[in-house]
Structures are given as C-alpha cells and as structure tokens.
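Engineer: This is the content of data.csv (CSV, C-alpha atoms):
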```csv
chain,number,residue,atom,x,y,z
A,8,MET,CA,0.0,0.0,0.0
A,9,LYS,CA,1.4,3.4,-1.1
A,10,PHE,CA,-1.7,5.6,-1.2
A,11,CYS,CA,-4.6,6.2,1.1
A,12,PRO,CA,-7.7,4.4,-0.3
A,13,GLN,CA,-9.9,7.2,1.3
A,14,CYS,CA,-8.2,10.4,0.1
A,15,GLY,CA,-5.5,9.3,-2.3
A,16,SER,CA,-2.6,10.9,-0.4
A,17,SER,CA,0.6,9.0,0.5
A,18,VAL,CA,0.6,6.6,3.4
A,19,GLU,CA,3.6,6.0,5.7
A,20,LEU,CA,4.5,3.1,7.9
A,21,LYS,CA,4.4,4.1,11.6
A,22,VAL,CA,3.3,2.8,15.0
A,23,PRO,CA,0.1,4.6,15.9
A,24,GLU,CA,-0.3,5.9,19.4
A,25,GLY,CA,-1.4,3.1,21.7
A,26,ASP,CA,-0.5,0.4,19.2
A,27,ASP,CA,2.5,-1.9,19.2
A,28,ARG,CA,3.2,-2.4,15.5
A,29,GLU,CA,3.6,-0.5,12.3
A,30,ARG,CA,0.5,0.3,10.3
A,31,HIS,CA,-0.1,2.2,7.0
A,32,VAL,CA,-1.2,5.6,8.1
A,33,CYS,CA,-2.4,8.4,5.8
A,34,VAL,CA,-0.1,11.5,6.0
A,35,HIS,CA,-3.1,13.7,5.1
A,36,CYS,CA,-6.2,12.3,6.8
A,37,ASP,CA,-4.5,10.2,9.5
A,38,VAL,CA,-6.7,7.2,8.8
A,39,ILE,CA,-5.0,3.9,9.9
A,40,HIS,CA,-5.3,1.1,7.3
A,41,TYR,CA,-5.2,-2.3,8.9
A,42,HIS,CA,-4.3,-5.5,7.0
A,43,ASN,CA,-5.7,-8.7,8.4
A,44,PRO,CA,-5.6,-12.4,7.6
A,45,LYS,CA,-7.9,-13.9,5.0
A,46,VAL,CA,-10.2,-16.8,5.4
A,47,ILE,CA,-10.3,-19.7,3.0
A,48,VAL,CA,-13.5,-21.8,3.2
A,49,GLY,CA,-13.9,-25.2,1.7
A,50,CYS,CA,-15.8,-28.5,1.6
A,51,LEU,CA,-15.0,-32.2,2.0
A,52,PRO,CA,-18.0,-33.6,0.0
A,53,GLU,CA,-18.9,-37.2,0.5
A,54,HIS,CA,-21.4,-39.3,-1.5
A,55,ASN,CA,-22.0,-43.1,-1.2
A,56,GLY,CA,-18.7,-43.4,0.6
A,57,LYS,CA,-16.7,-41.5,-2.0
A,58,VAL,CA,-15.1,-38.1,-1.8
A,59,LEU,CA,-15.5,-35.5,-4.5
A,60,LEU,CA,-12.2,-33.9,-5.8
A,61,CYS,CA,-11.6,-31.3,-8.5
A,62,LYS,CA,-8.6,-31.2,-10.8
A,63,ARG,CA,-7.4,-27.6,-10.9
A,64,ALA,CA,-7.6,-25.6,-14.1
A,65,ILE,CA,-5.7,-22.7,-12.6
A,66,GLU,CA,-2.3,-22.0,-11.1
A,67,PRO,CA,-0.9,-22.7,-8.6
A,68,ARG,CA,-0.9,-26.5,-8.9
A,69,TYR,CA,-2.6,-26.6,-12.3
A,70,GLY,CA,-3.6,-30.2,-13.0
A,71,TYR,CA,-3.5,-31.4,-9.4
A,72,TRP,CA,-6.5,-32.6,-7.4
A,73,THR,CA,-8.0,-30.5,-4.6
A,74,LEU,CA,-11.1,-30.1,-2.5
A,75,PRO,CA,-13.5,-27.2,-3.4
A,76,ALA,CA,-12.3,-24.2,-1.5
A,77,GLY,CA,-11.6,-20.5,-2.0
A,78,PHE,CA,-11.5,-17.0,-0.4
A,79,MET,CA,-14.5,-16.2,1.9
A,80,GLU,CA,-16.5,-13.2,0.7
A,81,ASN,CA,-17.9,-10.3,2.7
A,82,ARG,CA,-21.5,-10.8,4.1
A,83,GLU,CA,-21.5,-14.6,3.9
A,84,THR,CA,-20.9,-17.2,6.6
A,85,THR,CA,-18.1,-19.7,6.5
A,86,SER,CA,-20.5,-22.5,5.6
A,87,GLU,CA,-22.3,-20.4,2.9
A,88,GLY,CA,-18.8,-19.7,1.5
A,89,ALA,CA,-17.8,-23.3,1.5
A,90,ALA,CA,-21.1,-24.3,-0.3
A,91,ARG,CA,-20.6,-21.4,-2.8
A,92,GLU,CA,-17.1,-22.8,-3.6
A,93,MET,CA,-18.6,-26.2,-4.2
A,94,VAL,CA,-21.0,-24.8,-6.7
A,95,GLU,CA,-18.3,-22.8,-8.4
A,96,GLU,CA,-15.7,-25.5,-8.6
A,97,ALA,CA,-17.7,-28.7,-8.9
A,98,ALA,CA,-21.2,-27.5,-9.9
A,99,ALA,CA,-22.5,-29.4,-6.9
A,100,VAL,CA,-24.9,-28.4,-4.1
A,101,ALA,CA,-23.7,-29.1,-0.5
A,102,THR,CA,-26.1,-30.7,2.0
A,103,ASP,CA,-25.7,-31.1,5.8
A,104,THR,CA,-22.6,-28.9,6.0
A,105,THR,CA,-20.8,-29.6,9.3
A,106,LEU,CA,-17.8,-27.8,10.7
A,107,TYR,CA,-14.8,-30.2,10.5
A,108,ARG,CA,-11.4,-28.5,10.4
A,109,VAL,CA,-9.4,-25.3,11.0
A,110,PHE,CA,-5.9,-24.8,9.7
A,111,ASP,CA,-3.7,-21.8,10.4
A,112,VAL,CA,-1.2,-20.9,7.7
A,113,PRO,CA,0.5,-17.9,9.4
A,114,HIS,CA,3.4,-17.3,6.9
A,115,ILE,CA,0.8,-16.3,4.3
A,116,SER,CA,-1.7,-14.9,6.8
A,117,GLN,CA,-4.5,-17.3,6.0
A,118,VAL,CA,-7.0,-19.3,8.0
A,119,TYR,CA,-8.7,-22.4,6.4
A,120,VAL,CA,-12.1,-23.5,7.6
A,121,PHE,CA,-13.4,-26.8,6.1
A,122,TYR,CA,-16.9,-28.4,6.3
A,123,ARG,CA,-17.9,-31.9,5.8
A,124,CYS,CA,-21.0,-32.2,3.6
A,125,GLY,CA,-23.1,-34.4,1.3
A,126,ILE,CA,-23.8,-33.8,-2.4
A,127,GLU,CA,-27.5,-33.1,-3.3
A,128,ASN,CA,-28.7,-36.0,-5.5
A,129,GLY,CA,-25.1,-37.0,-6.0
A,130,ALA,CA,-25.0,-34.6,-8.9
A,131,TYR,CA,-21.8,-32.7,-9.8
A,132,GLY,CA,-20.1,-31.2,-12.8
A,133,ILE,CA,-17.1,-29.1,-13.8
A,134,GLY,CA,-16.7,-25.4,-12.8
A,135,PRO,CA,-14.6,-22.8,-14.6
A,136,GLU,CA,-11.7,-23.4,-12.3
A,137,SER,CA,-11.7,-27.1,-12.7
A,138,LEU,CA,-10.6,-29.5,-15.5
A,139,GLU,CA,-12.4,-32.5,-14.1
A,140,SER,CA,-14.5,-33.5,-11.0
A,141,GLN,CA,-14.6,-37.1,-9.8
A,142,LEU,CA,-15.8,-39.2,-6.8
A,143,PHE,CA,-13.0,-41.3,-5.3
A,144,SER,CA,-13.1,-44.1,-2.8
A,145,GLU,CA,-10.3,-44.2,-0.2
A,146,ASP,CA,-8.2,-46.6,-2.3
A,147,GLU,CA,-8.7,-44.5,-5.4
A,148,ILE,CA,-7.5,-41.2,-4.0
A,149,PRO,CA,-4.7,-39.8,-6.1
A,150,TRP,CA,-2.4,-39.3,-3.1
A,151,ASN,CA,0.6,-38.3,-5.2
A,152,ASP,CA,-1.3,-35.8,-7.2
A,153,LEU,CA,-3.0,-33.7,-4.5
A,154,ALA,CA,-2.6,-30.0,-4.9
A,155,PHE,CA,-1.8,-28.9,-1.3
A,156,PRO,CA,-0.7,-30.4,2.1
A,157,VAL,CA,-4.0,-29.3,3.7
A,158,VAL,CA,-5.9,-31.5,1.3
A,159,HIS,CA,-3.6,-34.5,2.0
A,160,GLU,CA,-3.9,-34.0,5.8
A,161,LEU,CA,-7.6,-33.5,5.7
A,162,LEU,CA,-8.3,-36.6,3.6
A,163,GLN,CA,-6.1,-38.8,5.7
A,164,GLU,CA,-7.9,-37.6,8.9
A,165,PHE,CA,-11.3,-38.0,7.3
A,166,PHE,CA,-10.8,-41.7,6.4
A,167,ASP,CA,-9.3,-42.4,9.8
A,168,ASP,CA,-12.3,-40.6,11.5
A,169,ARG,CA,-14.7,-42.5,9.3
A,170,ARG,CA,-13.3,-45.8,10.5
A,171,SER,CA,-13.8,-44.7,14.1
A,172,GLU,CA,-17.2,-43.1,13.3
A,173,ASN,CA,-16.2,-40.0,15.2
A,174,TYR,CA,-15.4,-36.6,13.5
A,175,PRO,CA,-13.9,-34.3,16.1
A,176,VAL,CA,-13.2,-30.7,14.9
A,177,ARG,CA,-9.4,-30.3,14.9
A,178,HIS,CA,-7.1,-27.3,14.6
A,179,SER,CA,-3.5,-27.3,13.5
A,180,VAL,CA,-0.8,-25.0,12.0
A,181,ILE,CA,0.7,-25.4,8.5
A,182,SER,CA,4.2,-24.0,8.8
A,183,ARG,CA,6.5,-22.4,6.2
A,184,GLY,CA,8.5,-24.9,4.2
A,185,ARG,CA,5.6,-27.2,3.5
A,186,ARG,CA,3.7,-26.6,0.3
B,30,MET,CA,-12.4,2.8,-1.1
B,31,LYS,CA,-12.1,5.7,-3.6
B,32,PHE,CA,-8.4,5.6,-4.6
B,33,CYS,CA,-6.1,2.7,-5.7
B,34,PRO,CA,-3.7,1.9,-2.8
B,35,GLN,CA,-1.1,0.9,-5.4
B,36,CYS,CA,-1.0,3.9,-7.8
B,37,GLY,CA,-3.3,6.5,-6.2
B,38,SER,CA,-5.7,6.7,-9.2
B,39,SER,CA,-9.5,6.5,-8.9
B,40,VAL,CA,-11.2,3.1,-8.5
B,41,GLU,CA,-14.5,2.2,-9.9
B,42,LEU,CA,-17.0,-0.5,-8.8
B,43,LYS,CA,-17.3,-3.1,-11.6
B,44,VAL,CA,-17.6,-6.8,-12.1
B,45,PRO,CA,-14.2,-8.1,-13.4
B,46,GLU,CA,-14.2,-10.6,-16.2
B,47,GLY,CA,-14.8,-14.1,-14.9
B,48,ASP,CA,-16.2,-12.8,-11.6
B,49,ASP,CA,-19.8,-12.6,-10.4
B,50,ARG,CA,-19.8,-9.6,-8.1
B,51,GLU,CA,-18.7,-5.9,-8.1
B,52,ARG,CA,-15.1,-5.2,-7.0
B,53,HIS,CA,-13.1,-2.0,-6.6
B,54,VAL,CA,-11.0,-1.9,-9.8
B,55,CYS,CA,-8.3,0.8,-10.5
B,56,VAL,CA,-9.1,2.8,-13.7
B,57,HIS,CA,-5.4,3.3,-14.3
B,58,CYS,CA,-3.5,0.1,-13.3
B,59,ASP,CA,-6.5,-2.3,-13.4
B,60,VAL,CA,-5.6,-3.9,-10.1
B,61,ILE,CA,-8.6,-5.5,-8.4
B,62,HIS,CA,-8.9,-4.7,-4.7
B,63,TYR,CA,-10.8,-7.4,-2.8
B,64,HIS,CA,-12.4,-6.9,0.6
B,65,ASN,CA,-12.7,-9.9,2.8
B,66,PRO,CA,-14.2,-10.8,6.2
B,67,LYS,CA,-12.1,-10.2,9.3
B,68,VAL,CA,-11.3,-12.8,12.0
B,69,ILE,CA,-11.8,-12.0,15.7
B,70,VAL,CA,-9.8,-14.3,18.0
B,71,GLY,CA,-10.5,-14.8,21.7
B,72,CYS,CA,-10.0,-16.8,24.8
B,73,LEU,CA,-12.2,-18.4,27.4
B,74,PRO,CA,-9.7,-18.5,30.3
B,75,GLU,CA,-10.5,-20.8,33.2
B,76,HIS,CA,-8.6,-21.1,36.5
B,77,ASN,CA,-9.6,-23.1,39.6
B,78,GLY,CA,-13.1,-23.5,38.2
B,79,LYS,CA,-13.6,-19.8,37.6
B,80,VAL,CA,-13.7,-17.8,34.3
B,81,LEU,CA,-11.7,-14.6,33.7
B,82,LEU,CA,-13.7,-11.7,32.4
B,83,CYS,CA,-12.6,-8.1,31.6
B,84,LYS,CA,-14.7,-4.9,32.0
B,85,ARG,CA,-14.4,-2.9,28.8
B,86,ALA,CA,-12.6,0.5,29.0
B,87,ILE,CA,-13.5,1.2,25.4
B,88,GLU,CA,-16.6,1.6,23.2
B,89,PRO,CA,-18.7,-0.1,22.1
B,90,ARG,CA,-20.2,-1.5,25.4
B,91,TYR,CA,-17.9,0.5,27.7
B,92,GLY,CA,-18.3,-0.8,31.3
B,93,TYR,CA,-19.7,-4.2,30.3
B,94,TRP,CA,-17.9,-7.5,30.8
B,95,THR,CA,-16.3,-9.5,28.0
B,96,LEU,CA,-13.9,-12.3,27.2
B,97,PRO,CA,-10.4,-11.3,26.0
B,98,ALA,CA,-10.8,-11.0,22.2
B,99,GLY,CA,-9.8,-8.8,19.2
B,100,PHE,CA,-8.8,-8.6,15.6
B,101,MET,CA,-6.4,-11.3,14.4
B,102,GLU,CA,-3.1,-9.8,13.0
B,103,ASN,CA,-1.2,-10.9,9.9
B,104,ARG,CA,1.5,-13.6,10.4
B,105,GLU,CA,0.0,-15.0,13.6
B,106,THR,CA,-2.1,-18.1,14.2
B,107,THR,CA,-5.6,-18.0,15.6
B,108,SER,CA,-4.4,-19.4,18.9
B,109,GLU,CA,-1.4,-17.0,19.0
B,110,GLY,CA,-3.8,-14.2,18.4
B,111,ALA,CA,-6.2,-15.3,21.1
B,112,ALA,CA,-3.2,-15.6,23.6
B,113,ARG,CA,-2.0,-12.1,22.5
B,114,GLU,CA,-5.4,-10.6,23.2
B,115,MET,CA,-5.3,-12.2,26.7
B,116,VAL,CA,-2.0,-10.5,27.4
B,117,GLU,CA,-3.3,-7.2,26.1
B,118,GLU,CA,-6.6,-7.1,27.8
B,119,ALA,CA,-6.0,-9.1,31.0
B,120,ALA,CA,-2.2,-9.1,31.4
B,121,ALA,CA,-2.5,-12.9,31.6
B,122,VAL,CA,-0.6,-15.8,29.9
B,123,ALA,CA,-2.8,-18.5,28.2
B,124,THR,CA,-1.9,-22.1,28.7
B,125,ASP,CA,-3.2,-25.2,26.9
B,126,THR,CA,-5.2,-23.3,24.3
B,127,THR,CA,-7.7,-25.6,22.7
B,128,LEU,CA,-10.1,-24.7,19.9
B,129,TYR,CA,-13.6,-24.3,21.2
B,130,ARG,CA,-16.0,-22.2,19.2
B,131,VAL,CA,-16.6,-20.6,15.7
B,132,PHE,CA,-19.2,-17.9,15.3
B,133,ASP,CA,-20.1,-16.3,11.9
B,134,VAL,CA,-21.4,-12.8,12.0
B,135,PRO,CA,-22.1,-12.2,8.3
B,136,HIS,CA,-23.9,-8.8,8.5
B,137,ILE,CA,-20.6,-7.3,9.7
B,138,SER,CA,-18.4,-9.7,7.8
B,139,GLN,CA,-16.7,-11.2,10.8
B,140,VAL,CA,-15.7,-14.7,11.9
B,141,TYR,CA,-15.0,-15.3,15.7
B,142,VAL,CA,-12.7,-18.1,16.7
B,143,PHE,CA,-12.5,-18.8,20.5
B,144,TYR,CA,-10.1,-21.0,22.4
B,145,ARG,CA,-10.5,-22.5,25.9
B,146,CYS,CA,-7.3,-22.0,28.0
B,147,GLY,CA,-5.8,-22.0,31.4
B,148,ILE,CA,-4.1,-19.0,33.1
B,149,GLU,CA,-0.4,-19.4,33.8
B,150,ASN,CA,0.1,-19.3,37.6
B,151,GLY,CA,-3.4,-17.9,37.9
B,152,ALA,CA,-1.9,-14.5,37.4
B,153,TYR,CA,-3.8,-11.7,35.7
B,154,GLY,CA,-4.1,-7.9,35.7
B,155,ILE,CA,-5.6,-5.0,33.8
B,156,GLY,CA,-4.7,-4.1,30.2
B,157,PRO,CA,-5.2,-0.7,28.6
B,158,GLU,CA,-8.6,-1.6,27.1
B,159,SER,CA,-9.9,-2.9,30.4
B,160,LEU,CA,-11.2,-1.2,33.6
B,161,GLU,CA,-11.1,-4.4,35.7
B,162,SER,CA,-10.4,-8.1,35.3
B,163,GLN,CA,-11.9,-10.7,37.6
B,164,LEU,CA,-12.4,-14.4,38.0
B,165,PHE,CA,-16.0,-15.5,38.3
B,166,SER,CA,-17.6,-18.8,39.3
B,167,GLU,CA,-20.7,-19.8,37.3
B,168,ASP,CA,-23.1,-18.3,39.9
B,169,GLU,CA,-21.1,-15.1,40.0
B,170,ILE,CA,-21.1,-14.3,36.2
B,171,PRO,CA,-22.7,-10.9,35.6
B,172,TRP,CA,-25.2,-12.3,33.1
B,173,ASN,CA,-27.0,-8.9,32.7
B,174,ASP,CA,-23.9,-6.9,32.2
B,175,LEU,CA,-22.1,-9.0,29.4
B,176,ALA,CA,-21.0,-6.9,26.5
B,177,PHE,CA,-22.0,-9.1,23.5
B,178,PRO,CA,-24.3,-12.0,22.7
B,179,VAL,CA,-21.3,-14.2,21.7
B,180,VAL,CA,-20.0,-13.9,25.2
B,181,HIS,CA,-23.3,-14.8,26.7
B,182,GLU,CA,-23.8,-17.8,24.4
B,183,LEU,CA,-20.2,-19.0,24.9
B,184,LEU,CA,-20.3,-18.9,28.7
B,185,GLN,CA,-23.7,-20.7,28.8
B,186,GLU,CA,-22.3,-23.5,26.6
B,187,PHE,CA,-19.1,-23.7,28.5
B,188,PHE,CA,-20.8,-24.3,31.9
B,189,ASP,CA,-23.2,-26.8,30.3
B,190,ASP,CA,-20.2,-28.6,28.6
B,191,ARG,CA,-18.3,-28.6,31.9
B,192,ARG,CA,-21.2,-30.4,33.6
B,193,SER,CA,-21.1,-33.1,30.9
B,194,GLU,CA,-17.3,-33.1,30.8
B,195,ASN,CA,-17.3,-32.9,27.1
B,196,TYR,CA,-16.3,-29.8,25.0
B,197,PRO,CA,-17.3,-30.3,21.4
B,198,VAL,CA,-16.2,-27.5,18.9
B,199,ARG,CA,-19.4,-25.8,17.7
B,200,HIS,CA,-20.3,-23.4,14.9
B,201,SER,CA,-23.2,-21.1,14.7
B,202,VAL,CA,-24.3,-17.9,13.1
B,203,ILE,CA,-25.1,-14.6,14.9
B,204,SER,CA,-27.7,-12.8,12.8
B,205,ARG,CA,-28.5,-9.2,12.4
B,206,GLY,CA,-30.8,-7.8,15.1
B,207,ARG,CA,-29.0,-9.4,18.0
B,208,ARG,CA,-26.3,-7.3,19.5
```
What's the structure tokens form of this structure?
Structural biologist:
Amino acid sequence: MKFCPQCGSSVELKVPEGDDRERHVCVHCDVIHYHNPKVIVGCLPEHNGKVLLCKRAIEPRYGYWTLPAGFMENRETTSEGAAREMVEEAAAVATDTTLYRVFDVPHISQVYVFYRCGIENGAYGIGPESLESQLFSEDEIPWNDLAFPVVHELLQEFFDDRRSENYPVRHSVISRGRR
Amino acid sequence: MKFCPQCGSSVELKVPEGDDRERHVCVHCDVIHYHNPKVIVGCLPEHNGKVLLCKRAIEPRYGYWTLPAGFMENRETTSEGAAREMVEEAAAVATDTTLYRVFDVPHISQVYVFYRCGIENGAYGIGPESLESQLFSEDEIPWNDLAFPVVHELLQEFFDDRRSENYPVRHSVISRGRR
C-alpha cells in the first residue's frame, strides 16, 4: 500500500499511538489502514462413501487434485462460502454442512475453515476453475497428485475418522516450508 | 475505497471478467482490490473452576464484561492471536489453548474463533482496554452486564459442557438484530 484508499494521499508506515506495531497511516487524513488475515473456506463432500475432488484448471498447482475451496466473501458465513465454492468449482450443491477442520497458515496470513458435507442428488459437474471432477473411494484417491498439504492431511484424517465413526473438529498449523 | 492503494488513481466498482460480483478496480492500473471478512480471535480462560472476564474500558459496550478477544493480526495463528489478546486485555498468559468455538457474524463480515485455555500461575491484571479483570464462578457471572451475545452464548455453553465433561467444537451464526 502506497496511497490512502480514502483520500489518495501518500501513506507512511508508523506505529500509531497506543499500538505496538507498524501500520499504514495516511499522511493527510490520518486514517489507519489495517491489513488482516484472509479466510479460505472449503468443503469435503462425501457421497456413497466416496469423496469429490476437482482437478485444478488454474495455477498454482494446475492439473493437481483438490477439495472445493476459496476465499471467503464479505457478508457470507463460512458454511455459505464453503457451499458457494462447491457450486463454483464442482457444480454441486452441498447438504448437511458440518464444521470439520481449522488450519492456520500464518506465513501467508491465511485461516482455512473446512466443512464436511453431502452432495445433493449425488450430482456434480465441472466449474470454470476445474478441468475435471470425480468421486474417489479411499483406495482410489490420487495421493501423489494432490494440490496442497491441507488436502492431503484433511483426507487422511477423514478416512481415519470414518473408521472410528467420530469426527472431532481439529485445529493445527501449517508452517512455512511445506507446500 | 475511492483511490487505488497501489497507484493513487481512482477506483470504480465493476464486475471483473470471470467474476460474479462488483469489486473495486483501478481505472489506471486495473488492479482488483478485494475486501474480505475479518477474524476475531479470543479466549475463554479458566482457573480453579472460575472464568476470567474483563470490564471494557472502550466503546462499544464501555463498562460491560467480556472475554479477551480482538482482531487477528497478519502472520500469527488464531491461537497465538487469542493468547495475545489475553495478554493485552487481562495481562495474563494463556496455557493449553484448545479450539472451542466458531461464530459467523455475516452482517458485519466477521468470523469469531474462540479457544478455551488456562491461566499461567493464575496471574492476571488489567490491560489498557480494560477497567477491571476478575475471576467469576458460574453463579457469580454478571449475566445482565455482558458486552456481547457471543460472550453470553459461549459462557452458557461452557458451563453446560463442563457439567457433561465434554467440550465439542461448535459453529453457529449470529444474525443481524442481535447485539
């Protein structure tokens, strides 16, 4: 940030009074511009014992398999956002969305919130950000072609949880150095 | 937003190609400026069966009791942020932070993430945003003087969960019309 989004003047980095870290502050109107982490919302869709994955049609990780997920929008809930991503990426309608997983990714200032869900009528297709969509049983999952470590970790946990018939909501941190 | 934070030119609201909603787009450099929900991180600190609350020294809800919570900062995890807020508002160090609760507040584009925790050495004080800090047993909680509905809901759930010795991680939505 170089210019104040409110008045167009220059901003400088300084520690505002009563604060303990540098912020972008407008030299003209004194407005403080805060920058905060972004939330990624996603689904782990299951139907007839299989999980729906999408093959990415965009970078990063073009051609690798992922769960439907993306940036949360203003004025929606995390579960609405997760369901929206499922429509956009897999042309599928989420049912019974249930909170399942929180990941922190602090080096890129992101928080991931994932929901388990069903797929209405088992119907799915291909959204503009996907090359393919497909239902996979546990032994069909393309483990070596998953797009991101959160997808790998989430799928492993899910199949373990399903064996124990217990789906606790977990939280963990993805550190720098892992994809 | 009226001006591009990158180049200082005017921005206009328009739907970018391939998008489905209006964004602020710079008329000069074409950068799209996204606005996303903010995360509030907080603690429910327990020590010797009592819960630590802080009396707010700031608006909104000056003089009402709340749990330590505030905006998540870039480059921290949700649990680090919750612990930081506990230092800032109650001069207390969180131990054993455990994910406990997610609230969506879509009409103000916020997501709350709360952790249960202990208090190191049972020591606490008063931060700059608090008038007082105090440990309360369940029958001492100032139910009529709590600052926000999330605090009320969270404390009720916590005492119920404690009776059943089971603390599931829950998610719910706080709708417009409730404080």
Engineer: Residues of chain B within 8 Å of chain A, using all atoms listed in the file, as a PyMOL selection string?
Structural biologist: chain B and resi 30-38+64-68+100-107+128+133-138+140+197-200+202
Engineer: For those residues, write C-alpha atoms to a file as a PDB file, keeping the file's coordinate frame.
Structural biologist:
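Done, and the output landed in out35.pdb:
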```pdb
ATOM      1  CA  MET B  30     -12.400   2.800  -1.100  1.00  0.00           C
ATOM      2  CA  LYS B  31     -12.100   5.700  -3.600  1.00  0.00           C
ATOM      3  CA  PHE B  32      -8.400   5.600  -4.600  1.00  0.00           C
ATOM      4  CA  CYS B  33      -6.100   2.700  -5.700  1.00  0.00           C
ATOM      5  CA  PRO B  34      -3.700   1.900  -2.800  1.00  0.00           C
ATOM      6  CA  GLN B  35      -1.100   0.900  -5.400  1.00  0.00           C
ATOM      7  CA  CYS B  36      -1.000   3.900  -7.800  1.00  0.00           C
ATOM      8  CA  GLY B  37      -3.300   6.500  -6.200  1.00  0.00           C
ATOM      9  CA  SER B  38      -5.700   6.700  -9.200  1.00  0.00           C
ATOM     10  CA  HIS B  64     -12.400  -6.900   0.600  1.00  0.00           C
ATOM     11  CA  ASN B  65     -12.700  -9.900   2.800  1.00  0.00           C
ATOM     12  CA  PRO B  66     -14.200 -10.800   6.200  1.00  0.00           C
ATOM     13  CA  LYS B  67     -12.100 -10.200   9.300  1.00  0.00           C
ATOM     14  CA  VAL B  68     -11.300 -12.800  12.000  1.00  0.00           C
ATOM     15  CA  PHE B 100      -8.800  -8.600  15.600  1.00  0.00           C
ATOM     16  CA  MET B 101      -6.400 -11.300  14.400  1.00  0.00           C
ATOM     17  CA  GLU B 102      -3.100  -9.800  13.000  1.00  0.00           C
ATOM     18  CA  ASN B 103      -1.200 -10.900   9.900  1.00  0.00           C
ATOM     19  CA  ARG B 104       1.500 -13.600  10.400  1.00  0.00           C
ATOM     20  CA  GLU B 105       0.000 -15.000  13.600  1.00  0.00           C
ATOM     21  CA  THR B 106      -2.100 -18.100  14.200  1.00  0.00           C
ATOM     22  CA  THR B 107      -5.600 -18.000  15.600  1.00  0.00           C
ATOM     23  CA  LEU B 128     -10.100 -24.700  19.900  1.00  0.00           C
ATOM     24  CA  ASP B 133     -20.100 -16.300  11.900  1.00  0.00           C
ATOM     25  CA  VAL B 134     -21.400 -12.800  12.000  1.00  0.00           C
ATOM     26  CA  PRO B 135     -22.100 -12.200   8.300  1.00  0.00           C
ATOM     27  CA  HIS B 136     -23.900  -8.800   8.500  1.00  0.00           C
ATOM     28  CA  ILE B 137     -20.600  -7.300   9.700  1.00  0.00           C
ATOM     29  CA  SER B 138     -18.400  -9.700   7.800  1.00  0.00           C
ATOM     30  CA  VAL B 140     -15.700 -14.700  11.900  1.00  0.00           C
ATOM     31  CA  PRO B 197     -17.300 -30.300  21.400  1.00  0.00           C
ATOM     32  CA  VAL B 198     -16.200 -27.500  18.900  1.00  0.00           C
ATOM     33  CA  ARG B 199     -19.400 -25.800  17.700  1.00  0.00           C
ATOM     34  CA  HIS B 200     -20.300 -23.400  14.900  1.00  0.00           C
ATOM     35  CA  VAL B 202     -24.300 -17.900  13.100  1.00  0.00           C
TER      36      VAL B 202
END
```
Engineer: Give as an MDAnalysis selection string each residue that has an atom at most 12 Å from (-26.2, -7.8, 33.3) in the file, counting all atoms listed in the file.
Structural biologist: chainID B and resid 84 90 92:95 169:178 180:181
Engineer: For the atom pair CA of Asp48 in chain B and CA of Ile69 in chain B, what is the interatomic distance in Å to one decimal place?
Structural biologist: 27.7 Å
Engineer: Just to confirm, what's the straight-line distance from CA of Thr104 in chain A to CA of Glu92 in chain A in Å (one decimal)?
Structural biologist: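 That distance, rounded to one decimal, is 12.6 Å.
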Engineer: Report the distance between CA of Ile39 in chain A and CA of Glu24 in chain A in Å, rounded to one decimal place.
Structural biologist: 10.8 Å
Engineer: With all atoms listed in the file as the basis for distance, which of A:Ile126, A:Tyr174, A:Ala97, A:Arg28 is at the shortest distance from Leu138 in chain A?
Structural biologist: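 For Leu138 in chain A, the nearest of the candidates is A:Ala97.
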Engineer: Counting all atoms listed in the file, figure out which residue out of B:Leu73, B:Val179, B:Leu164, B:Ala120 gets nearest to Phe143 in chain B.
Structural biologist: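 Smallest distance to Phe143 in chain B is found for B:Leu73.
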Engineer: Ranking A:Cys36, A:Val58, A:Val94, A:Val22 by minimum distance to Asp146 in chain A and counting only C-alpha atoms, which one comes first?
Structural biologist: A:Val58
Engineer: Point out the residue among B:Asp49, B:Asp189, B:Glu75, B:Glu88 with the least atom-to-atom distance to Ala152 in chain B, counting only C-alpha atoms.
Structural biologist: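 Smallest distance to Ala152 in chain B is found for B:Glu75.
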Engineer: Excluding Tyr153 in chain B and any residue of its chain fewer than 2 positions from it, enumerate the residues within 12 Å of it, using only C-alpha atoms, and give them as a compact mmCIF listing (two decimals) with C-alpha atoms, in the frame of the given file.
Structural biologist:
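Output below, filename out-v8.txt:
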```txt
# COMPACT_ATOMS: atom_id res chain seq x y z
CA PRO B 74 -9.70 -18.50 30.30
CA GLU B 75 -10.50 -20.80 33.20
CA HIS B 76 -8.60 -21.10 36.50
CA VAL B 80 -13.70 -17.80 34.30
CA LEU B 81 -11.70 -14.60 33.70
CA LEU B 82 -13.70 -11.70 32.40
CA CYS B 83 -12.60 -8.10 31.60
CA PRO B 97 -10.40 -11.30 26.00
CA MET B 115 -5.30 -12.20 26.70
CA VAL B 116 -2.00 -10.50 27.40
CA GLU B 117 -3.30 -7.20 26.10
CA GLU B 118 -6.60 -7.10 27.80
CA ALA B 119 -6.00 -9.10 31.00
CA ALA B 120 -2.20 -9.10 31.40
CA ALA B 121 -2.50 -12.90 31.60
CA VAL B 122 -0.60 -15.80 29.90
CA ALA B 123 -2.80 -18.50 28.20
CA GLY B 147 -5.80 -22.00 31.40
CA ILE B 148 -4.10 -19.00 33.10
CA GLU B 149 -0.40 -19.40 33.80
CA ASN B 150 0.10 -19.30 37.60
CA GLY B 151 -3.40 -17.90 37.90
CA ILE B 155 -5.60 -5.00 33.80
CA GLY B 156 -4.70 -4.10 30.20
CA SER B 159 -9.90 -2.90 30.40
CA GLU B 161 -11.10 -4.40 35.70
CA SER B 162 -10.40 -8.10 35.30
CA GLN B 163 -11.90 -10.70 37.60
CA LEU B 164 -12.40 -14.40 38.00
```
Engineer: Just the residues within 8 Å of Lys79 in chain B, please, counting all atoms listed in the file, with nothing from its chain fewer than 5 positions along; format it as an mmCIF file with C-alpha atoms, in the coordinates of the input.
Structural biologist:
```cif
data_model
loop_
_atom_site.group_PDB
_atom_site.id
_atom_site.type_symbol
_atom_site.label_atom_id
_atom_site.label_comp_id
_atom_site.auth_asym_id
_atom_site.auth_seq_id
_atom_site.Cartn_x
_atom_site.Cartn_y
_atom_site.Cartn_z
ATOM 1 C CA LEU B 164 -12.400 -14.400 38.000
ATOM 2 C CA PHE B 165 -16.000 -15.500 38.300
ATOM 3 C CA SER B 166 -17.600 -18.800 39.300
ATOM 4 C CA GLU B 167 -20.700 -19.800 37.300
#
```
